[in-house]
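Q: Here it is, the structure in full.
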Amino acid sequence: MPRRRSGRIRAGSHRATGARPVIDGLSSRALSEIIELERTRNYLQPGDVGTAVGLWKDYVHQPERALWHDYKWGNVPWYCCGDPLEARALLDIVMQAVSPRSTRELRKIVSRSDAVWNLPSPPYDGR
């Protein structure tokens with residue numbers, strides 16, 4: 001029976017490796033801290049921080065009428081897709097748990113979305 005080359009065997013093997021989170025603007029050092037935090041804390045799952053950043057960013061860029069609808073009647077899709085307000089609270093917790101350098105990097109990313117969230121509303125013209 002012919003033998004396969006060892007390189008071919010390694011190339012065909014499938015290892016179960018966790019997906020590395022990618023958060024634009026974070027250094028590899030900060031990402032490794034977040035990965036370690038997600039691995040060691042019982043309230044975090046792998047990828048939770050990246051998901052929280054994405055949820056918060058997507059939420060603050062919604063049109064105002066969608067945000068008002070969420071406030072007035074509640075948003076049922078949050079049950080399946082995650083609550084962006086809880087995601088923002090999780091980001092505060094993570095910023096307290098990582099090193100000051102990583103906190104600065106993560107705060108810089110989160111503050112961009114916070115700035116959109118804190119923009120004043122346009123004047124109401126009730127004609």
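To be explicit about the labels: the chains of the structure tokens are called A, B, and onward in the order shown, and within each one the residues are counted from 1, while ligands get numbers from 1 in the order they are shown.
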Skipping near chain neighbours, those fewer than 5 positions away, what residues fall within 10 Å of region 36-39 of chain A using only C-alpha atoms, listed as a PyMOL selection string?
A: chain A and resi 30-31+44-49+94+97-98
Q: Which neighbours of Ser99 (chain A) fall inside 10 Å, counting only C-alpha atoms, when residues of the same chain fewer than 4 positions from it are skipped, and could you give them as an MDAnalysis selection string?
A: chainID A and resid 30 33:34 94:95 103:104
Q: Dump N, CA and C atoms for the selected residues as a tab-separated table (two decimals), in the first residue's frame?
A:
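Writing done, so here's result-v1.tsv:
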```tsv
chain	number	residue	atom	x	y	z
A	30	ALA	N	-4.12	43.55	22.94
A	30	ALA	CA	-5.45	43.75	23.53
A	30	ALA	C	-6.37	42.60	23.18
A	33	GLU	N	-5.60	39.68	25.38
A	33	GLU	CA	-6.15	39.88	26.72
A	33	GLU	C	-7.64	39.58	26.75
A	34	ILE	N	-8.34	40.02	25.72
A	34	ILE	CA	-9.79	39.77	25.65
A	34	ILE	C	-10.06	38.28	25.50
A	94	VAL	N	-15.81	44.80	30.80
A	94	VAL	CA	-14.56	44.32	30.19
A	94	VAL	C	-13.48	45.39	30.28
A	95	MET	N	-13.85	46.66	30.09
A	95	MET	CA	-12.86	47.74	30.16
A	95	MET	C	-12.28	47.86	31.57
A	103	THR	N	-7.59	48.94	27.84
A	103	THR	CA	-8.79	49.73	28.12
A	103	THR	C	-8.84	50.97	27.24
A	104	ARG	N	-7.69	51.65	27.09
A	104	ARG	CA	-7.65	52.83	26.24
A	104	ARG	C	-8.01	52.49	24.80
```
Q: Taking into account only C-alpha atoms, which residue in the set A:Val22, A:Val110, A:Ala115, A:Val60 is nearest to Pro84 (chain A)?
A: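 Comparing A:Val22, A:Val110, A:Ala115, A:Val60 against Pro84 (chain A), the winner is A:Val60.
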Q: Separation of CA of Arg29 (chain A) and CA of Gly50 (chain A), in Å?
A: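 Pair CA of Arg29 (chain A) / CA of Gly50 (chain A) returns 14.9 Å.
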Q: Can you list, as a list of chain:residue names, every protein, DNA or RNA residue that comes within 12 Å of Asn118 (chain A) when you count only C-alpha atoms, leaving out same-chain residues fewer than 4 positions away?
A: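 So the residues in contact are A:Val60, A:His61, A:Ser111, A:Arg112, A:Ser113, A:Asp114.
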Q: Separation of CA of Arg88 (chain A) and CA of Lys57 (chain A), in Å?
A: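 So the two atoms, CA of Arg88 (chain A) and CA of Lys57 (chain A), lie 9.5 Å apart.
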Q: With only C-alpha atoms as the atoms that count, which of A:Gln62, A:Asn42, A:Ser102, A:Gln96 lies nearest to Ser27 (chain A)?
A: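 Among A:Gln62, A:Asn42, A:Ser102, A:Gln96, it is A:Ser102 that comes nearest to Ser27 (chain A).
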